[in-house]
Structure formats: C-alpha cells, structure tokens
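Some notes on the structure that comes next.
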2 protein chains.
Amino acid sequence: MVKRTSFEGDACPIARSLEALGDWWSLLIIREALFGVRRFGEFQSKLGMAKNILAARLRSLVDHGILETAPASDGSAYQEYLLTPKGRGTFPILVALRQWSEEFDDAPEEIATILVDREKGRPVKKLEMRAEDGRLLSPADTMLKPRPTPLRRSA
Amino acid sequence: MVKRTSFEGDACPIARSLEALGDWWSLLIIREALFGVRRFGEFQSKLGMAKNILAARLRSLVDHGILETAPASDGSAYQEYLLTPKGRGTFPILVALRQWSEEFDDAPEEIATILVDREKGRPVKKLEMRAEDGRLLSPADTMLKPRPTPLRRSA
DNA sequence: TTGTGTGGTTGCATTATAAAACCAATTGCC
DNA sequence: GGCAATTGGTTTTATAATGCAACCACACAA
C-alpha cells in the first residue's frame with residue numbers, strides 16, 4: 001500500500017458502503033446519534049474513544065453526508081452533529097448487525113439490550129428478504145444482475 | 001493507544017458484531033464466499049488484496065466461527081474455506097449495506113449490479129423492520145430494553 | 001527431477017490508531 | 001468584568017495494522 005486501499009471507485013455497492021462506514025467507529029457513532037447524541041463531548045464520553053480519532057471520524061461522516069453540523073440547539077455557541085436522511089438510512093444495517101449478534105454470538109448472555117417494538121415491548125422481528133411480490137427469499141433465491149443502463153440521455 | 005481497541009467485552013451487540021466483521025476486508029471476503037469462492041488464491045485474485053492480510057483475515061474469520069476449513073473438494077491436497085451457518089447468517093447485513101448504497105450513494109450510476117429475485121428477475125424488496133405482529137416499524141417506533149435475565153439457574 | 005502453481009510467511013515501509021499533553025474559545029460564577 | 005472550568009478540538013509521540021515484495025515449502029505435472 002502505502003495507502004490504505006480505498007473502495008471509492010469500486011463498482012460493488014457493498015464495498016462502496018464500507019468506504020463510508022467500514023471502520024471500527026463510524027457505525028458506533030451513528031448508533032449513538034440515532035439515540036439522540038449530538039455533541040462532541042457526549043460522543044466521546046459514551047464511546048470512550050480518543051478525541052483525535054473522534055474528530056477525524058466526525059469529519060469523515062460529515063464529508064460523506066451522513067452527519068451534518070448545525071448550530072447549537074440549546075442556545076450555546078457550540079455546534080452539534082445531526083444525522084442526515086442518509087445517516088438515518090443506516091438503521092437497517094445496525095439492526096442487521098444487532099440481530100446477527102443476537103442469533104450467533106458465542107456469549108449471548110453478555111448482550112445487554114434487546115431491540116423491541118415500543119408499542120408492545122416485544123422484540124423486533126428478524127429482518128427478512130422478500131421479493132417484490134412478497135415471497136420470502138433465501139440467499140440462494142437471489143442473484144446479481146448487471147445494472148440496467150438507465151437511458152443515458154435520450155438522443 | 002497502544003492496543004487497538006477491542007469491543008469483545010462490550011455489551012452492545014452491534015459492537016460485538018463489529019468485533020468480528022468490522023474491518024475493511026472481512027465482509028468482502030464473506031461476500032465472495034457467499035458467491036461460491038472457496039480457495040485462497042481465488043479470494044486473493046478477486047479481491048486484489050495482499051496475501052498476508054488475506055491470510056490474517058481468513059484466520060480471524062475461522063477463529064470467529066464464520067468460516068471453516070475443509071479438505072479439498074476437487075480431490076487436491078489443498079484446503080478450502082467454507083461459510084458456516086453463522087457466516088451465512090451475515091447475508092442480511094450485506095443486503096442492508098447494498099441497499100443503503102443503492103439508495104443513498106452519490107454516484108449510483110457507478111454501481112454495477114443489482115440484487116434480484118432469481119425467479120422473477122426483479123429487484124429484492126427493501127429490508128423493512130416489523131413488529132412480531134407484522135406492523136411496519138420506523139426507528140422511532142423501537143426502543144432498547146435491558147435483556148431479561150434468562151433464569152440463571154432456578155435455585 | 002525439474003519446473004510450475006498454490007498457499008502461504010517474513011521483512012520492511014507507510015499509515016492509522018491511540019493516549020496524553022496542549023490550547024483557544026465559550027461558559028459559568030461571583 | 002474577571003477568573004476558573006468546560007467544551008471542542010489539535011499536536012505530539014508511540015504502537016499496531018496494512019500493504020507490497022520477496023521468499024519459501026509443498027503439491028502437482030512433465
């Protein structure tokens with residue numbers, strides 16, 4: 001390397017996601033943000049991470065359009081970090097990670113929390129993959145197709 | 001630091017997942033494995049990564065019970081790397097990452113493939129979060145609850 | 001038995017990560 | 001207004017991870 005490899009130009013959408021989210025801290029920062037954390041110090045104390053790398057990650061997430069900075073919601077002169085719609089769109093990823101851990105973790109008794117439906121207090125159902133018409137799909141029921149060129153400019 | 005932080009003892013299931021999957025390459029290796037890639041050299045050439053780090057990642061994935069080694073399916077004396085059920089269980093995570101990219105990527109025209117239902121050839125439906133009774137849930141409809149202690153040993 | 005391909009490991013350079021110290025601006029307090 | 005503490009970082013320095021290239025052992029093919 002010399003440079004840590006980047007997936008920026010990669011054609012695989014998974015690699016492209018990892019370009020933005022695929023490091024140790026980004027998804028945890030987003031997790032906190034989804035819980036309402038907004039301020040630098042709050043992220044730092046909740047995650048217990050070094051401030052320099054928090055600063056770097058926040059900058060990267062802002063650059064990727066996942067967070068945005070906004071002035072003070074409490075009237076102070078400081079700023080806060082808010083999720084954009086793109087940032088909130090990562091929620092299914094976090095749920096998938098959580099459910100994978102709940103299902104396969106070797107020490108599930110160490111998991112402190114479960115995600116529940118607020119209304120009933122019951123666990124959220126496992127994410128499932130379905131076809132457009134609602135049929136439940138297993139990995140083997142799916143395949144990759146080249147993306148159709150979306151009529152460049154109708155000449 | 002001195003040591004790169006580990007989330008091993010963390011009580012958050014998301015952090016625990018990231019402990020196993022949260023580096024640059026692991027999910028891409030799993031992606032290839034889901035596509036049927038089994039051999040060291042095949043991973044290496046498809047992913048274009050350095051052999052030493054591929055070796056390290058494969059070892060880590062095996063240690064985490066995501067891959068397992070098996071002898072030669074083609075009769076040769078070499079071994080191959082196969083996904084365990086735990087490994088195949090990451091599929092929703094990959095789908096979530098893919099869909100996030102498809103929905104929010106700044107340059108979606110660079111994405112080469114779409115995931116389709118094999119039977120109809122139509123795109124897979126977006127993952128959605130539902131309650132046990134089937135109600136569609138938004139992030140705000142959910143909350144975290146402490147895990148109920150699963151009756152340790154009935155004294 | 002002399003190659004050739006497979007599946008790694010080792011050594012070295014570069015980068016990323018982390019802890020701690022430092023610092024400027026903003027508050028809080030009197 | 002003046003002073004200390006808090007907030008939100010940056011800098012410095014050390015260690016770990018990453019990547020490339022070279023090397024190497026074993027399998028296999030001729």
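Ordering of the structure tokens sets the chain letters (A, B, ...), residue numbers begin anew at 1 in every chain, and ligands are numbered from 1 in the order given.
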
Transformed chain B, reference chain A, full Cα set in order, as a CSV table (one decimal) with C-alpha atoms, in the first residue's frame:
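File written: superposed-v5.csv
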chain,number,residue,atom,x,y,z
B,1,MET,CA,0.7,-0.6,0.4
B,2,VAL,CA,1.6,2.7,1.0
B,3,LYS,CA,-1.9,3.8,0.8
B,4,ARG,CA,-4.7,2.1,2.6
B,5,THR,CA,-6.9,0.8,-0.1
B,6,SER,CA,-10.0,2.7,-0.9
B,7,PHE,CA,-13.2,1.3,-2.3
B,8,GLU,CA,-14.3,4.6,-3.7
B,9,GLY,CA,-14.3,3.7,-7.3
B,10,ASP,CA,-15.5,0.1,-6.7
B,11,ALA,CA,-18.6,-0.9,-8.6
B,12,CYS,CA,-19.8,-3.1,-5.7
B,13,PRO,CA,-22.4,-1.3,-3.6
B,14,ILE,CA,-21.2,-3.2,-0.5
B,15,ALA,CA,-17.7,-2.0,-1.0
B,16,ARG,CA,-19.0,1.5,-1.5
B,17,SER,CA,-20.9,1.4,1.7
B,18,LEU,CA,-17.8,0.2,3.5
B,19,GLU,CA,-15.9,3.1,2.1
B,20,ALA,CA,-18.1,5.3,4.3
B,21,LEU,CA,-19.0,3.0,7.2
B,22,GLY,CA,-16.4,0.3,7.2
B,23,ASP,CA,-14.1,1.3,10.0
B,24,TRP,CA,-14.2,0.5,13.7
B,25,TRP,CA,-16.0,3.6,14.9
B,26,SER,CA,-18.3,5.1,12.3
B,27,LEU,CA,-21.3,2.8,12.9
B,28,LEU,CA,-21.0,3.2,16.7
B,29,ILE,CA,-21.0,6.9,16.3
B,30,ILE,CA,-24.1,6.6,14.2
B,31,ARG,CA,-25.6,4.3,16.7
B,32,GLU,CA,-25.2,7.0,19.4
B,33,ALA,CA,-26.5,9.6,17.1
B,34,LEU,CA,-29.6,7.6,16.5
B,35,PHE,CA,-30.0,7.6,20.2
B,36,GLY,CA,-30.0,11.3,20.3
B,37,VAL,CA,-26.4,12.0,21.0
B,38,ARG,CA,-25.3,15.3,19.3
B,39,ARG,CA,-22.4,16.8,21.0
B,40,PHE,CA,-18.7,16.1,20.6
B,41,GLY,CA,-18.2,15.5,24.3
B,42,GLU,CA,-21.1,13.3,24.6
B,43,PHE,CA,-19.9,11.0,21.8
B,44,GLN,CA,-16.5,11.0,23.4
B,45,SER,CA,-17.6,10.0,26.8
B,46,LYS,CA,-20.2,7.5,25.7
B,47,LEU,CA,-17.9,5.7,23.3
B,48,GLY,CA,-14.7,6.2,25.3
B,49,MET,CA,-12.6,6.9,22.3
B,50,ALA,CA,-9.7,9.2,21.7
B,51,LYS,CA,-10.7,12.8,20.8
B,52,ASN,CA,-8.5,13.0,17.8
B,53,ILE,CA,-9.9,10.0,16.2
B,54,LEU,CA,-13.5,11.0,17.1
B,55,ALA,CA,-12.8,14.4,15.4
B,56,ALA,CA,-11.5,12.6,12.3
B,57,ARG,CA,-14.5,10.3,12.2
B,58,LEU,CA,-17.0,13.1,12.6
B,59,ARG,CA,-15.3,15.0,9.8
B,60,SER,CA,-15.4,11.9,7.6
B,61,LEU,CA,-19.1,11.3,8.3
B,62,VAL,CA,-19.9,14.9,7.6
B,63,ASP,CA,-17.9,14.6,4.3
B,64,HIS,CA,-19.9,11.6,3.4
B,65,GLY,CA,-23.2,13.3,4.0
B,66,ILE,CA,-24.1,11.1,7.0
B,67,LEU,CA,-23.9,13.8,9.6
B,68,GLU,CA,-24.3,17.5,9.3
B,69,THR,CA,-23.2,20.2,11.7
B,70,ALA,CA,-25.8,22.6,13.1
B,71,PRO,CA,-25.6,25.4,15.5
B,72,ALA,CA,-26.4,25.0,19.1
B,73,SER,CA,-29.8,23.6,19.9
B,74,ASP,CA,-29.5,24.8,23.5
B,75,GLY,CA,-28.6,28.4,22.7
B,76,SER,CA,-24.8,28.0,23.3
B,77,ALA,CA,-22.3,29.0,20.7
B,78,TYR,CA,-21.2,25.4,20.2
B,79,GLN,CA,-22.3,23.2,17.4
B,80,GLU,CA,-23.8,19.8,17.2
B,81,TYR,CA,-23.8,16.8,14.9
B,82,LEU,CA,-27.1,15.7,13.4
B,83,LEU,CA,-27.9,12.7,11.3
B,84,THR,CA,-29.0,13.4,7.7
B,85,PRO,CA,-31.6,11.3,6.0
B,86,LYS,CA,-28.7,9.3,4.6
B,87,GLY,CA,-27.4,8.8,8.1
B,88,ARG,CA,-30.8,7.7,9.4
B,89,GLY,CA,-30.9,5.3,6.4
B,90,THR,CA,-28.3,3.2,8.0
B,91,PHE,CA,-30.7,2.0,10.6
B,92,PRO,CA,-31.4,-1.4,8.9
B,93,ILE,CA,-27.6,-2.0,8.8
B,94,LEU,CA,-27.4,-1.6,12.5
B,95,VAL,CA,-30.4,-3.7,13.1
B,96,ALA,CA,-28.9,-6.4,10.9
B,97,LEU,CA,-25.7,-6.3,12.8
B,98,ARG,CA,-27.6,-6.5,16.1
B,99,GLN,CA,-29.7,-9.4,15.0
B,100,TRP,CA,-26.7,-11.3,13.7
B,101,SER,CA,-25.1,-10.9,17.1
B,102,GLU,CA,-28.2,-11.9,18.9
B,103,GLU,CA,-28.5,-15.0,16.8
B,104,PHE,CA,-24.9,-16.2,16.5
B,105,ASP,CA,-22.9,-14.7,19.3
B,106,ASP,CA,-20.9,-17.2,21.3
B,107,ALA,CA,-21.7,-15.5,24.6
B,108,PRO,CA,-25.2,-14.1,24.1
B,109,GLU,CA,-25.7,-13.7,27.8
B,110,GLU,CA,-23.2,-10.8,27.6
B,111,ILE,CA,-25.5,-8.8,25.4
B,112,ALA,CA,-27.2,-6.2,27.5
B,113,THR,CA,-30.1,-5.0,25.5
B,114,ILE,CA,-32.7,-6.1,23.0
B,115,LEU,CA,-34.4,-4.0,20.4
B,116,VAL,CA,-38.2,-4.0,21.0
B,117,ASP,CA,-41.2,-2.6,19.4
B,118,ARG,CA,-42.0,0.4,21.6
B,119,GLU,CA,-45.8,-0.2,21.5
B,120,LYS,CA,-45.8,-3.8,22.6
B,121,GLY,CA,-42.4,-4.1,24.2
B,122,ARG,CA,-41.8,-7.3,22.2
B,123,PRO,CA,-38.6,-8.0,20.2
B,124,VAL,CA,-38.5,-6.7,16.7
B,125,LYS,CA,-38.9,-9.4,14.1
B,126,LYS,CA,-35.9,-10.7,12.3
B,127,LEU,CA,-35.2,-8.8,9.1
B,128,GLU,CA,-36.2,-10.9,6.1
B,129,MET,CA,-35.6,-10.6,2.5
B,130,ARG,CA,-38.6,-10.6,0.3
B,131,ALA,CA,-39.4,-10.3,-3.4
B,132,GLU,CA,-41.4,-7.5,-4.8
B,133,ASP,CA,-44.5,-9.7,-4.6
B,134,GLY,CA,-43.8,-10.6,-1.0
B,135,ARG,CA,-42.3,-14.0,-1.4
B,136,LEU,CA,-39.7,-14.8,1.3
B,137,LEU,CA,-36.3,-15.2,-0.3
B,138,SER,CA,-33.2,-17.1,0.8
B,139,PRO,CA,-29.8,-16.1,-0.4
B,140,ALA,CA,-30.0,-18.9,-3.0
B,141,ASP,CA,-33.2,-17.4,-4.3
B,142,THR,CA,-31.4,-14.3,-5.3
B,143,MET,CA,-28.8,-13.4,-7.9
B,144,LEU,CA,-26.9,-10.3,-9.2
B,145,LYS,CA,-27.9,-8.7,-12.4
B,146,PRO,CA,-25.9,-6.0,-14.2
B,147,ARG,CA,-27.5,-2.7,-13.6
B,148,PRO,CA,-29.6,-1.6,-16.5
B,149,THR,CA,-28.2,1.5,-18.1
B,150,PRO,CA,-30.8,4.1,-17.2
B,151,LEU,CA,-31.1,5.6,-20.7
B,152,ARG,CA,-28.2,7.9,-20.6
B,153,ARG,CA,-29.5,10.7,-22.7
B,154,SER,CA,-32.0,9.7,-25.3
B,155,ALA,CA,-30.0,10.6,-28.4

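Between C1' of DA25 (chain D) and C1' of DG5 (chain C) the separation is 12.5 Å.
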
Q. For the atom pair C1' of DT6 (chain C) and C1' of DG19 (chain D), what is the interatomic distance in Å to one decimal place?
A. 20.8 Å

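The list of chain D residues within 10 Å of chain B is DA14, DT15, DA16, DA17, DT18, DG19, DC20, DC26, DA27 and DC28 of chain D; this uses only C-alpha atoms (C1' of nucleotides).
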
Using the selection just defined, write its residues with N, CA and C atoms (P, O5', C5', C4', C3', O3' and C1' of nucleotides) as a short mmCIF file (atom, residue, chain, number, x, y, z; two decimals), in the first residue's frame.
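Here's the written file selection-v8.cif:
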data_model
loop_
_atom_site.label_atom_id
_atom_site.label_comp_id
_atom_site.auth_asym_id
_atom_site.auth_seq_id
_atom_site.Cartn_x
_atom_site.Cartn_y
_atom_site.Cartn_z
P DA D 14 8.06 8.85 21.42
"O5'" DA D 14 7.17 7.52 21.51
"C5'" DA D 14 6.41 7.28 22.69
"C4'" DA D 14 5.40 6.17 22.40
"C3'" DA D 14 6.01 4.90 21.81
"O3'" DA D 14 5.53 3.78 22.54
"C1'" DA D 14 4.23 5.67 20.44
P DT D 15 6.25 2.33 22.25
"O5'" DT D 15 5.06 1.53 21.57
"C5'" DT D 15 3.76 1.58 22.18
"C4'" DT D 15 2.72 1.15 21.17
"C3'" DT D 15 3.04 -0.19 20.48
"O3'" DT D 15 1.87 -0.97 20.60
"C1'" DT D 15 2.43 1.44 18.90
P DA D 16 1.95 -2.59 20.30
"O5'" DA D 16 0.84 -2.75 19.18
"C5'" DA D 16 -0.43 -2.12 19.38
"C4'" DA D 16 -1.14 -2.00 18.05
"C3'" DA D 16 -1.15 -3.28 17.23
"O3'" DA D 16 -2.47 -3.44 16.75
"C1'" DA D 16 -0.31 -1.50 15.92
P DA D 17 -2.91 -4.75 15.99
"O5'" DA D 17 -3.14 -4.20 14.51
"C5'" DA D 17 -4.09 -3.17 14.32
"C4'" DA D 17 -4.03 -2.68 12.89
"C3'" DA D 17 -4.19 -3.78 11.85
"O3'" DA D 17 -5.09 -3.28 10.89
"C1'" DA D 17 -2.23 -2.56 11.42
P DT D 18 -5.66 -4.14 9.71
"O5'" DT D 18 -4.78 -3.63 8.49
"C5'" DT D 18 -4.86 -2.26 8.13
"C4'" DT D 18 -3.94 -1.99 6.98
"C3'" DT D 18 -4.02 -3.01 5.83
"O3'" DT D 18 -4.46 -2.29 4.70
"C1'" DT D 18 -1.77 -2.52 6.44
P DG D 19 -4.72 -3.02 3.32
"O5'" DG D 19 -3.27 -2.97 2.67
"C5'" DG D 19 -2.69 -1.70 2.38
"C4'" DG D 19 -1.36 -1.89 1.69
"C3'" DG D 19 -1.36 -2.99 0.62
"O3'" DG D 19 -0.81 -2.45 -0.56
"C1'" DG D 19 0.43 -3.30 2.13
P DC D 20 -0.95 -3.17 -1.95
"O5'" DC D 20 0.56 -3.44 -2.35
"C5'" DC D 20 1.48 -2.35 -2.34
"C4'" DC D 20 2.89 -2.90 -2.26
"C3'" DC D 20 3.19 -3.99 -3.28
"O3'" DC D 20 4.28 -3.55 -4.10
"C1'" DC D 20 3.94 -4.60 -1.12
P DC D 26 7.79 -28.75 3.52
"O5'" DC D 26 6.55 -29.26 2.66
"C5'" DC D 26 5.25 -28.71 2.95
"C4'" DC D 26 4.42 -28.73 1.70
"C3'" DC D 26 4.38 -30.08 0.98
"O3'" DC D 26 3.05 -30.55 1.04
"C1'" DC D 26 4.61 -28.27 -0.54
P DA D 27 2.70 -32.03 0.52
"O5'" DA D 27 2.00 -31.72 -0.88
"C5'" DA D 27 0.84 -30.90 -0.86
"C4'" DA D 27 0.43 -30.55 -2.28
"C3'" DA D 27 0.17 -31.74 -3.18
"O3'" DA D 27 -1.05 -31.51 -3.85
"C1'" DA D 27 1.75 -30.28 -4.20
P DC D 28 -1.81 -32.70 -4.57
"O5'" DC D 28 -1.33 -32.53 -6.07
"C5'" DC D 28 -1.59 -31.29 -6.74
"C4'" DC D 28 -0.72 -31.16 -7.98
"C3'" DC D 28 -0.76 -32.37 -8.93
"O3'" DC D 28 -1.32 -31.94 -10.15
"C1'" DC D 28 1.43 -31.50 -8.67
#

Q: Give the alpha helix (DSSP H) residues of chain A, as assigned by DSSP on the backbone, as a PyMOL selection string.
A: chain A and resi 13-21+26-34+40-47+51-63+85-88+91-104

Q: Step one, run DSSP on the backbone; step two, keep only residues of chain A assigned to strand (DSSP E or B); then write them as JSON, numbers by chain.
A: {"A": [67, 68, 69, 70, 71, 79, 80, 81, 82, 83, 113, 114, 115, 116, 117, 123, 130, 136, 142, 143, 144, 145, 146]}

(Q) With only C-alpha atoms (C1' of nucleotides) considered, list every residue of chain C at most 10 Å from chain A, as a VMD selection string. (A) chain C and resid 13 to 20 25 to 27

Q | Spatial neighbours of DC24 (chain D), 10 Å, only C-alpha atoms (C1' of nucleotides), chain gap at least 4 places, as a count of residues only | A | 3

Q | One-decimal distance in Å that lies between C1' of DC30 (chain C) and C1' of DG8 (chain D) | A | 25.6 Å
